[in-house]
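Trainee: Okay, handing you the structure first.
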Number of protein chains: 2
Amino acid sequence: MADSLAQHPRLDVILHGDQAAIAPLLARHPDLASRIVVRHADRVVTMEDKPAQVMRHGAGTSMWSTIDAVRAGEAAAAVSCGNTGALMAVSMLRLRKLPGVNRPAIACLWPSRNPGGFNLMLDVGADVKAEADDLLQYAVMGASYARNGLKLTRPRVGILNVGTEEHKGRAELKEAHDRMAAVAQVSDFDYVGFVEGGDLPSARVDVIVTDGFTGNVALKTGEGTAKLISDFMREAFGAGLLSKFAALLALNSLKRLQRRIDPRRVNGGVFLGLNGTVVKSHGSADATGVSAAIGLAYQLSQVRFIDRLAARVASAEAAGQDAAQARADLAGTGSSPTE
Amino acid sequence: MADSLAQHPRLDVILHGDQAAIAPLLARHPDLASRIVVRHADRVVTMEDKPAQVMRHGAGTSMWSTIDAVRAGEAAAAVSCGNTGALMAVSMLRLRKLPGVNRPAIACLWPSRNPGGFNLMLDVGADVKAEADDLLQYAVMGASYARNGLKLTRPRVGILNVGTEEHKGRAELKEAHDRMAAVAQVSDFDYVGFVEGGDLPSARVDVIVTDGFTGNVALKTGEGTAKLISDFMREAFGAGLLSKFAALLALNSLKRLQRRIDPRRVNGGVFLGLNGTVVKSHGSADATGVSAAIGLAYQLSQVRFIDRLAARVASAEAAGQDAAQARADLAGTGSSPTE
C-alpha cells in the first residue's frame, strides 16, 4: 500500500481492519499518515466462511465495512484479498447489481501475445453457470473494461468453446454466437467468433467470454501450468555446476521472461455489473501484487469506469429489446410493443 | 511408424489409406515390408467434415476402414491422427459402447509432479456434458486406464471443480462427490475429493474426472500456456549476445526441461468405453508423437485392456445397482428387486 501511495500522489486510503494490529504497521510510515484513515472493525471474514453465512452475519467485519464505504460514496473503489465468494456476496448485497445486469462477473487479465501484453477473460468465478443473455452481457461489460482498463478503442471479443466451428459446443454458446453480431454493433466491439483454450493468450482476441465454472478452471489451469514449468525450470537449472553457471549468465533473460508472465502484475480480478468498483486481489499476494490491485482500482475510478459501464449496459439492453421486438414482429407473435 | 516397429519387434501394422501415396513411402523401408499390410481406401475424412455426415457417408474412408479392422478383430487397436469428432462418431457406430457405458470419454495424459511424471484427465472432448452417473463411470474407466497404462496399483481419483470445499460447484458434481466413495470401494481406487485447475499437475491425485467441455478447455489452456512460455523463453534467450551464450551453456538444462513437458511424449488421447481400443494422436503430431501414440496402443492391447476395463465397468454397475436398491429399500419406495 505504501508503494501505491508513492506511485499515485492523489490517492488516499481508508484502511478497514483491527486498529491494534494496523497501528504499529502504520507507525513505520509517518510520512503517509495524512493520507490513510483507519476504520476499525472487530471481526474479519475468514477463507473458510461460507458466502451465505457472511451475507446474514457479516455486518461489522472489515470486508463489510470496506464495501459499505463504496456504497456510501466515501471510497471510489474497494480492494480486498479476502474470500472471493463472500466478497462477491457482500458486494451484491450492499452495492446491488447495475440496472439490467442479471449475473455480475469477475474479469481477470491473462498474459498474451497482444501488443499490450494482456487479454481479458470473464467470468472467472462469480457464478458456476451462464445463459446466452449473460454471455452477451459479459461481452458488453468486458469490452467496456478493455476500453477503460486496457485502453483498447475497439476490443475484439470471442466466446470460449471446444472448437472454432459453428456447430460445436453447448446450446447457450450457439445462441450467444448467433446473437453476438447485433450486440457488437451497438456496443463498439468486434466479434471474432468462437475461440479455444489455446487462444487465451492469442493475439486474435482481446476479451474472452465464458461461464464462471469454465473460466475459473481455465484460470487456475493456466496458473498451475506456469507454476509447474517454472518449478521444472528451477530444477533443470539447479542440476550440475555448468547449469548453475549458465543460469547465472541467463539471469537477465530469465528475469525478462519472469516479468512477462509474472502473475503478480496481473493481480486483481475486477467485479463487473455492480454499482461500484470492487477489485479482488489474490489471497496469497505480496506487496507487488496488492500494489497492482490498488493501482487498477485507482485507474478505474479515475476514468469513472462504473458510469461508463452502466451506460454501455443500458444501451445494449435497449438495443436487445428492440431486436427481440423485431424478432417477435417477424415471427408474428404479436407481443405488445410496451413489453 | 518405422520407429514404433523398430521399438516393438512383435508389432505388425495394417495401414489404411491411398495405396498410390503410401507405396513410395514404404519403398524406403524394404526391411519392414513383411510387417506392414496396406489396405487401400479411396477417400479420407477431412478435418472439416462434420461427425454426423461421416457417420452417414463415411464407409470407404481410411478412418472407417481402420475402425472396422478393430471391429473384425484383425487389429488389436486403432490409431488415427484425424478429425476427433468424426473418429469418435465412427468408433461409437462401428464398435458400439461397452455394456453399461452411457457416455464414452477421451482420456489424455498431463505432465505432473507425480513420480511417474503424468496424471490422467477425462473426458477431454468426447461429449460437451456429463451427468453424475457419467462422472462416476469416468472415474472407474480412468482408474482402470491408470492401472494398465500408468502401472498404478491403486490410483487416486479427484473431481475437477472451482474449489475444494464440499459446497462449491454444480449440482451434478456434488451428487457425484456424494456417491463416489461407494464406487471407489468396489473399483479399487482412492477418492481424494474435489480438485481445482491448479491441481491438474498435482502429486495428490492421479486421475482427474470432468465433463468433456471443461476438460477440453483445460487441456488446450494448459497446452497454450506452455507454448506461450516456451515462445517467451526463446525470445528472452534470443535477445543479446550474452543471453545467447548463456542459452548455449544452458542447452542441457533446457533440453531436460523440454523432455519433461514435451507434449509429444504424452501424445495420444484414448477413447474409453467402447468395444475396442482407439488412440487419437494430435493432428499436428510429428514422427515422435505418432510413435508415442502407436506405442500406447501397443501397450494397452498387450495387457488386454478392453477386457479388464469391461470387467471393471460391469462390477461397478452391479455395485451401483445394489446401492440404488439399498437406497430404495431404505426409502421404502418398494421398487422391485429385479429392477
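Residue numbering restarts at 1 in every chain; chains get A, B, ... in the order shown in the C-alpha cells, and ligands count up from 1 in that same order.
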Here's a check: after a least-squares fit over all in-order C-alpha atoms, write chain B in the frame of chain A, as a compact mmCIF listing (two decimals) with C-alpha atoms, in the first residue's frame.
Mentor:
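This is the output file result_34.txt:
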```
# COMPACT_ATOMS: atom_id res chain seq x y z
CA MET B 1 -0.02 0.01 0.02
CA ALA B 2 2.89 2.32 0.77
CA ASP B 3 4.12 1.60 -2.78
CA SER B 4 0.74 2.57 -4.25
CA LEU B 5 0.59 5.81 -2.29
CA ALA B 6 4.08 6.71 -3.50
CA GLN B 7 3.11 5.91 -7.10
CA HIS B 8 -0.20 7.82 -7.07
CA PRO B 9 0.18 11.17 -5.26
CA ARG B 10 -3.56 11.89 -5.44
CA LEU B 11 -4.57 8.54 -3.91
CA ASP B 12 -5.95 8.38 -0.34
CA VAL B 13 -6.80 5.20 1.55
CA ILE B 14 -9.42 4.12 4.07
CA LEU B 15 -8.02 1.03 5.78
CA HIS B 16 -10.59 -1.35 7.30
CA GLY B 17 -9.47 -3.80 9.99
CA ASP B 18 -8.22 -4.32 13.53
CA GLN B 19 -6.91 -0.96 14.74
CA ALA B 20 -4.54 -2.60 17.25
CA ALA B 21 -2.93 -4.71 14.52
CA ILE B 22 -2.75 -1.89 11.97
CA ALA B 23 -1.39 0.91 14.19
CA PRO B 24 2.19 -0.42 14.65
CA LEU B 25 2.45 -1.07 10.88
CA LEU B 26 1.38 2.48 10.05
CA ALA B 27 3.76 3.90 12.66
CA ARG B 28 6.59 2.89 10.31
CA HIS B 29 5.31 5.34 7.66
CA PRO B 30 4.70 8.67 9.45
CA ASP B 31 4.97 10.50 6.11
CA LEU B 32 1.80 8.75 4.89
CA ALA B 33 -0.27 9.37 8.02
CA SER B 34 -2.23 12.23 6.47
CA ARG B 35 -3.39 10.05 3.56
CA ILE B 36 -4.56 6.98 5.50
CA VAL B 37 -7.71 6.76 7.62
CA VAL B 38 -8.15 3.63 9.71
CA ARG B 39 -11.69 2.35 10.14
CA HIS B 40 -11.72 -0.18 12.98
CA ALA B 41 -13.56 -3.49 12.52
CA ASP B 42 -13.83 -6.07 15.30
CA ARG B 43 -14.21 -9.09 13.05
CA VAL B 44 -12.86 -10.48 9.80
CA VAL B 45 -14.32 -12.83 7.20
CA THR B 46 -12.11 -15.96 7.05
CA MET B 47 -11.33 -18.03 3.96
CA GLU B 48 -13.49 -20.83 5.39
CA ASP B 49 -16.66 -18.73 5.91
CA LYS B 50 -19.50 -19.60 3.56
CA PRO B 51 -20.89 -16.72 1.47
CA ALA B 52 -24.46 -17.28 2.68
CA GLN B 53 -23.40 -17.02 6.34
CA VAL B 54 -21.40 -13.86 5.67
CA MET B 55 -24.43 -12.29 3.96
CA ARG B 56 -26.52 -12.92 7.11
CA HIS B 57 -23.98 -12.25 9.85
CA GLY B 58 -21.21 -10.28 8.14
CA ALA B 59 -22.07 -6.76 9.37
CA GLY B 60 -19.18 -5.48 11.48
CA THR B 61 -16.47 -7.33 9.56
CA SER B 62 -13.71 -5.41 7.77
CA MET B 63 -14.98 -6.77 4.42
CA TRP B 64 -18.50 -5.45 5.02
CA SER B 65 -17.16 -2.10 6.17
CA THR B 66 -14.95 -1.82 3.04
CA ILE B 67 -17.88 -2.42 0.69
CA ASP B 68 -20.12 -0.06 2.67
CA ALA B 69 -17.57 2.73 2.21
CA VAL B 70 -18.10 2.36 -1.56
CA ARG B 71 -21.87 2.21 -1.07
CA ALA B 72 -21.77 5.45 0.95
CA GLY B 73 -19.64 7.15 -1.70
CA GLU B 74 -16.76 7.65 0.75
CA ALA B 75 -14.49 5.35 -1.29
CA ALA B 76 -14.26 5.36 -5.10
CA ALA B 77 -13.35 1.65 -5.17
CA ALA B 78 -12.81 -1.32 -2.85
CA VAL B 79 -9.78 -3.64 -2.79
CA SER B 80 -9.78 -6.93 -0.85
CA CYS B 81 -7.51 -9.99 -0.64
CA GLY B 82 -10.22 -11.97 1.15
CA ASN B 83 -12.62 -14.85 0.50
CA THR B 84 -13.83 -14.37 -3.12
CA GLY B 85 -17.27 -15.95 -2.70
CA ALA B 86 -18.01 -13.91 0.43
CA LEU B 87 -16.71 -10.71 -1.19
CA MET B 88 -19.00 -11.19 -4.19
CA ALA B 89 -21.97 -12.00 -1.92
CA VAL B 90 -21.44 -8.91 0.27
CA SER B 91 -20.82 -6.74 -2.81
CA MET B 92 -24.06 -7.90 -4.44
CA LEU B 93 -26.02 -7.40 -1.23
CA ARG B 94 -24.68 -3.94 -0.37
CA LEU B 95 -23.91 -2.43 -3.81
CA ARG B 96 -26.69 -4.16 -5.76
CA LYS B 97 -26.48 -5.09 -9.41
CA LEU B 98 -26.38 -2.44 -12.13
CA PRO B 99 -29.81 -1.95 -13.72
CA GLY B 100 -30.26 -4.60 -16.43
CA VAL B 101 -27.49 -6.92 -15.21
CA ASN B 102 -28.58 -10.46 -14.39
CA ARG B 103 -25.30 -12.13 -13.39
CA PRO B 104 -22.29 -10.03 -12.32
CA ALA B 105 -18.92 -11.43 -13.38
CA ILE B 106 -15.29 -11.44 -12.30
CA ALA B 107 -12.83 -10.38 -15.01
CA CYS B 108 -9.13 -11.21 -14.89
CA LEU B 109 -6.13 -10.37 -17.05
CA TRP B 110 -4.13 -13.04 -18.87
CA PRO B 111 -0.59 -12.75 -20.30
CA SER B 112 -0.91 -12.66 -24.10
CA ARG B 113 0.86 -12.11 -27.40
CA ASN B 114 -1.04 -8.85 -27.95
CA PRO B 115 0.97 -5.59 -28.02
CA GLY B 116 -0.41 -4.57 -24.61
CA GLY B 117 0.72 -7.88 -23.15
CA PHE B 118 -2.66 -8.91 -21.76
CA ASN B 119 -6.01 -10.40 -22.68
CA LEU B 120 -9.11 -10.23 -20.53
CA MET B 121 -11.30 -13.19 -19.53
CA LEU B 122 -14.68 -13.25 -17.78
CA ASP B 123 -16.41 -14.76 -15.86
CA VAL B 124 -13.68 -16.47 -13.82
CA GLY B 125 -15.80 -17.46 -10.86
CA ALA B 126 -18.69 -15.19 -9.83
CA ASP B 127 -21.21 -17.89 -10.81
CA VAL B 128 -20.91 -21.53 -11.94
CA LYS B 129 -23.14 -21.09 -14.97
CA ALA B 130 -24.14 -18.55 -17.61
CA GLU B 131 -27.01 -18.47 -20.11
CA ALA B 132 -26.80 -16.86 -23.56
CA ASP B 133 -28.11 -13.53 -22.20
CA ASP B 134 -25.39 -13.53 -19.54
CA LEU B 135 -22.67 -14.27 -22.09
CA LEU B 136 -23.86 -11.35 -24.24
CA GLN B 137 -23.74 -9.10 -21.19
CA TYR B 138 -20.26 -10.35 -20.27
CA ALA B 139 -19.16 -9.33 -23.77
CA VAL B 140 -20.54 -5.80 -23.29
CA MET B 141 -19.00 -5.45 -19.82
CA GLY B 142 -15.68 -7.02 -20.84
CA ALA B 143 -15.40 -4.71 -23.86
CA SER B 144 -16.09 -1.70 -21.65
CA TYR B 145 -13.40 -2.82 -19.18
CA ALA B 146 -10.95 -3.39 -22.07
CA ARG B 147 -11.61 0.15 -23.34
CA ASN B 148 -11.11 1.74 -19.91
CA GLY B 149 -8.59 -0.60 -18.30
CA LEU B 150 -6.52 -1.73 -21.30
CA LYS B 151 -7.04 1.39 -23.46
CA LEU B 152 -8.29 -0.55 -26.49
CA THR B 153 -10.56 1.56 -28.69
CA ARG B 154 -12.34 -1.33 -30.33
CA PRO B 155 -11.80 -4.58 -28.41
CA ARG B 156 -12.13 -7.95 -30.15
CA VAL B 157 -14.40 -10.39 -28.28
CA GLY B 158 -14.54 -14.20 -28.56
CA ILE B 159 -16.63 -16.92 -26.88
CA LEU B 160 -14.67 -19.78 -25.30
CA ASN B 161 -15.66 -23.14 -26.78
CA VAL B 162 -14.22 -26.60 -27.54
CA GLY B 163 -13.63 -25.74 -31.18
CA THR B 164 -13.90 -22.80 -33.55
CA GLU B 165 -16.46 -24.44 -35.84
CA GLU B 166 -20.03 -23.12 -35.59
CA HIS B 167 -21.63 -26.51 -34.89
CA LYS B 168 -19.55 -27.25 -31.78
CA GLY B 169 -20.34 -26.69 -28.13
CA ARG B 170 -23.29 -26.26 -25.83
CA ALA B 171 -26.68 -24.81 -26.81
CA GLU B 172 -26.28 -21.54 -24.86
CA LEU B 173 -22.95 -20.90 -26.62
CA LYS B 174 -24.52 -21.33 -30.05
CA GLU B 175 -27.35 -18.99 -29.13
CA ALA B 176 -24.92 -16.34 -27.84
CA HIS B 177 -22.85 -16.82 -31.02
CA ASP B 178 -25.89 -16.22 -33.25
CA ARG B 179 -26.94 -13.07 -31.39
CA MET B 180 -23.49 -11.57 -30.75
CA ALA B 181 -23.04 -9.67 -34.03
CA ALA B 182 -26.05 -7.43 -33.27
CA VAL B 183 -24.77 -6.69 -29.76
CA ALA B 184 -21.26 -5.97 -31.08
CA GLN B 185 -22.61 -3.32 -33.44
CA VAL B 186 -24.27 -1.16 -30.77
CA SER B 187 -21.52 -1.82 -28.23
CA ASP B 188 -18.50 -0.84 -30.36
CA PHE B 189 -16.57 -4.10 -30.27
CA ASP B 190 -15.64 -6.69 -32.91
CA TYR B 191 -16.89 -10.23 -32.51
CA VAL B 192 -14.29 -12.79 -33.66
CA GLY B 193 -16.40 -15.93 -33.03
CA PHE B 194 -15.54 -19.02 -30.99
CA VAL B 195 -12.06 -19.33 -29.49
CA GLU B 196 -10.42 -22.33 -27.79
CA GLY B 197 -8.37 -22.79 -24.61
CA GLY B 198 -5.21 -22.41 -26.66
CA ASP B 199 -6.38 -18.93 -27.77
CA LEU B 200 -6.47 -17.41 -24.28
CA PRO B 201 -3.01 -15.83 -24.84
CA SER B 202 -3.75 -15.30 -28.56
CA ALA B 203 -3.26 -12.04 -30.46
CA ARG B 204 -6.49 -12.57 -32.42
CA VAL B 205 -8.75 -11.74 -29.46
CA ASP B 206 -8.75 -9.25 -26.54
CA VAL B 207 -11.76 -10.29 -24.44
CA ILE B 208 -12.70 -13.94 -23.84
CA VAL B 209 -16.23 -14.64 -22.65
CA THR B 210 -17.17 -17.81 -20.74
CA ASP B 211 -19.19 -19.08 -17.78
CA GLY B 212 -17.62 -18.78 -14.32
CA PHE B 213 -17.04 -22.52 -13.93
CA THR B 214 -15.05 -22.94 -17.14
CA GLY B 215 -13.29 -19.59 -16.67
CA ASN B 216 -12.20 -20.47 -13.15
CA VAL B 217 -10.86 -23.89 -14.20
CA ALA B 218 -9.03 -22.30 -17.16
CA LEU B 219 -7.51 -19.55 -14.98
CA LYS B 220 -6.25 -21.97 -12.37
CA THR B 221 -5.04 -24.44 -15.03
CA GLY B 222 -3.02 -21.69 -16.71
CA GLU B 223 -1.55 -20.56 -13.37
CA GLY B 224 -0.79 -24.16 -12.41
CA THR B 225 0.91 -24.91 -15.73
CA ALA B 226 3.07 -21.77 -15.45
CA LYS B 227 4.01 -22.74 -11.88
CA LEU B 228 4.87 -26.31 -12.95
CA ILE B 229 7.13 -25.12 -15.75
CA SER B 230 8.82 -22.57 -13.51
CA ASP B 231 9.48 -25.27 -10.87
CA PHE B 232 10.81 -27.68 -13.51
CA MET B 233 12.98 -24.89 -14.91
CA ARG B 234 14.47 -24.19 -11.49
CA GLU B 235 15.23 -27.90 -11.08
CA ALA B 236 16.76 -28.10 -14.56
CA PHE B 237 19.02 -25.10 -13.92
CA GLY B 238 19.85 -26.29 -10.40
CA ALA B 239 21.33 -29.61 -11.59
CA GLY B 240 25.10 -29.51 -12.17
CA LEU B 241 27.69 -26.76 -11.95
CA LEU B 242 27.62 -25.82 -15.64
CA SER B 243 23.83 -25.38 -15.49
CA LYS B 244 24.19 -23.12 -12.48
CA PHE B 245 26.81 -21.04 -14.29
CA ALA B 246 24.56 -20.86 -17.34
CA ALA B 247 21.64 -19.83 -15.16
CA LEU B 248 23.74 -17.01 -13.75
CA LEU B 249 24.59 -15.78 -17.25
CA ALA B 250 20.97 -16.23 -18.27
CA LEU B 251 19.72 -14.29 -15.27
CA ASN B 252 18.70 -11.27 -17.31
CA SER B 253 16.89 -13.42 -19.86
CA LEU B 254 15.10 -15.31 -17.12
CA LYS B 255 14.13 -12.07 -15.41
CA ARG B 256 12.81 -10.68 -18.69
CA LEU B 257 10.75 -13.84 -19.08
CA GLN B 258 9.55 -13.66 -15.49
CA ARG B 259 8.34 -10.08 -15.96
CA ARG B 260 6.20 -11.10 -18.91
CA ILE B 261 4.43 -13.93 -17.14
CA ASP B 262 4.59 -12.68 -13.55
CA PRO B 263 1.12 -13.38 -12.10
CA ARG B 264 1.58 -10.50 -9.63
CA ARG B 265 1.50 -7.97 -12.46
CA VAL B 266 -1.95 -9.15 -13.50
CA ASN B 267 -3.19 -9.42 -9.93
CA GLY B 268 -6.69 -8.11 -9.43
CA GLY B 269 -9.96 -9.70 -10.51
CA VAL B 270 -12.50 -6.94 -11.18
CA PHE B 271 -16.17 -7.45 -10.25
CA LEU B 272 -18.29 -6.23 -13.17
CA GLY B 273 -22.02 -5.48 -13.06
CA LEU B 274 -22.35 -3.83 -9.65
CA ASN B 275 -22.97 -0.23 -8.54
CA GLY B 276 -19.35 0.22 -7.53
CA THR B 277 -15.82 -0.93 -8.34
CA VAL B 278 -14.53 -3.91 -6.37
CA VAL B 279 -11.09 -5.38 -7.06
CA LYS B 280 -10.26 -8.81 -5.68
CA SER B 281 -6.56 -9.35 -5.11
CA HIS B 282 -5.09 -12.87 -4.86
CA GLY B 283 -5.25 -14.25 -1.31
CA SER B 284 -1.54 -15.01 -1.38
CA ALA B 285 -0.50 -11.68 -2.97
CA ASP B 286 2.66 -9.95 -1.77
CA ALA B 287 3.33 -6.19 -1.73
CA THR B 288 3.84 -6.07 -5.52
CA GLY B 289 0.56 -7.91 -6.09
CA VAL B 290 -1.50 -5.79 -3.69
CA SER B 291 0.01 -2.66 -5.17
CA ALA B 292 -1.05 -3.81 -8.67
CA ALA B 293 -4.63 -4.37 -7.43
CA ILE B 294 -4.74 -0.92 -5.78
CA GLY B 295 -3.30 0.67 -8.94
CA LEU B 296 -6.02 -0.98 -11.01
CA ALA B 297 -8.77 0.25 -8.66
CA TYR B 298 -7.28 3.75 -8.81
CA GLN B 299 -7.11 3.73 -12.61
CA LEU B 300 -10.73 2.56 -13.00
CA SER B 301 -12.07 5.17 -10.58
CA GLN B 302 -10.07 7.92 -12.32
CA VAL B 303 -11.92 7.27 -15.60
CA ARG B 304 -15.31 6.96 -13.82
CA PHE B 305 -15.51 3.39 -15.09
CA ILE B 306 -18.80 2.44 -13.41
CA ASP B 307 -20.69 5.30 -15.10
CA ARG B 308 -19.34 4.28 -18.48
CA LEU B 309 -20.07 0.60 -17.85
CA ALA B 310 -23.64 1.39 -16.73
CA ALA B 311 -24.23 3.43 -19.90
CA ARG B 312 -22.92 0.57 -22.08
CA VAL B 313 -25.11 -2.02 -20.36
CA ALA B 314 -28.16 0.25 -20.69
CA SER B 315 -27.67 0.92 -24.42
CA ALA B 316 -27.02 -2.77 -25.15
CA GLU B 317 -30.15 -3.67 -23.22
CA ALA B 318 -32.24 -1.16 -25.17
CA ALA B 319 -30.87 -2.48 -28.46
CA GLY B 320 -31.54 -6.04 -27.31
CA GLN B 321 -35.16 -5.18 -26.56
CA ASP B 322 -35.53 -3.59 -29.98
CA ALA B 323 -34.05 -6.71 -31.58
CA ALA B 324 -36.33 -9.00 -29.57
CA GLN B 325 -39.29 -6.83 -30.57
CA ALA B 326 -38.24 -7.00 -34.21
CA ARG B 327 -37.94 -10.79 -33.99
CA ALA B 328 -41.36 -10.97 -32.35
CA ASP B 329 -42.90 -8.70 -35.02
CA LEU B 330 -41.35 -10.80 -37.77
CA ALA B 331 -42.64 -13.96 -36.16
CA GLY B 332 -46.04 -12.28 -35.89
CA THR B 333 -46.44 -13.16 -32.22
CA GLY B 334 -47.87 -9.68 -31.68
CA SER B 335 -46.26 -8.96 -28.32
CA SER B 336 -47.07 -5.49 -27.06
CA PRO B 337 -44.66 -2.68 -28.00
CA THR B 338 -44.40 -1.58 -24.37
CA GLU B 339 -43.02 -4.95 -23.29
```
Trainee: Identify, with DSSP run on backbone atoms, the residues in region 114-284 of chain A assigned to strand (DSSP E), and express the list as a PyMOL selection string.
Mentor: chain A and resi 118-122+156-160+190-195+207-209+269-272+277-280
Trainee: Write the residues of the preceding selection, restricted to C-alpha atoms, as a compact mmCIF listing (two decimals), in the first residue's frame.
Mentor:
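result_19.txt written:
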```
# COMPACT_ATOMS: atom_id res chain seq x y z
CA PHE A 118 -2.67 -8.90 -21.76
CA ASN A 119 -6.01 -10.37 -22.69
CA LEU A 120 -9.12 -10.19 -20.55
CA MET A 121 -11.30 -13.15 -19.55
CA LEU A 122 -14.69 -13.21 -17.80
CA ARG A 156 -12.15 -7.90 -30.15
CA VAL A 157 -14.42 -10.32 -28.28
CA GLY A 158 -14.55 -14.13 -28.57
CA ILE A 159 -16.65 -16.85 -26.89
CA LEU A 160 -14.69 -19.73 -25.31
CA ASP A 190 -15.66 -6.61 -32.91
CA TYR A 191 -16.91 -10.17 -32.50
CA VAL A 192 -14.32 -12.73 -33.65
CA GLY A 193 -16.43 -15.87 -33.04
CA PHE A 194 -15.57 -18.95 -31.01
CA VAL A 195 -12.09 -19.28 -29.52
CA VAL A 207 -11.77 -10.25 -24.45
CA ILE A 208 -12.71 -13.90 -23.85
CA VAL A 209 -16.25 -14.59 -22.66
CA GLY A 269 -9.95 -9.68 -10.53
CA VAL A 270 -12.50 -6.92 -11.18
CA PHE A 271 -16.16 -7.43 -10.26
CA LEU A 272 -18.29 -6.21 -13.16
CA THR A 277 -15.81 -0.90 -8.34
CA VAL A 278 -14.51 -3.89 -6.36
CA VAL A 279 -11.08 -5.37 -7.06
CA LYS A 280 -10.26 -8.81 -5.69
```
Trainee: Go through region 51-95 of chain A and collect every residue that DSSP, computed from the backbone, puts in alpha helix (DSSP H); the answer should be as number ranges by chain.
Mentor: A: 51-57, 62-71, 84-95
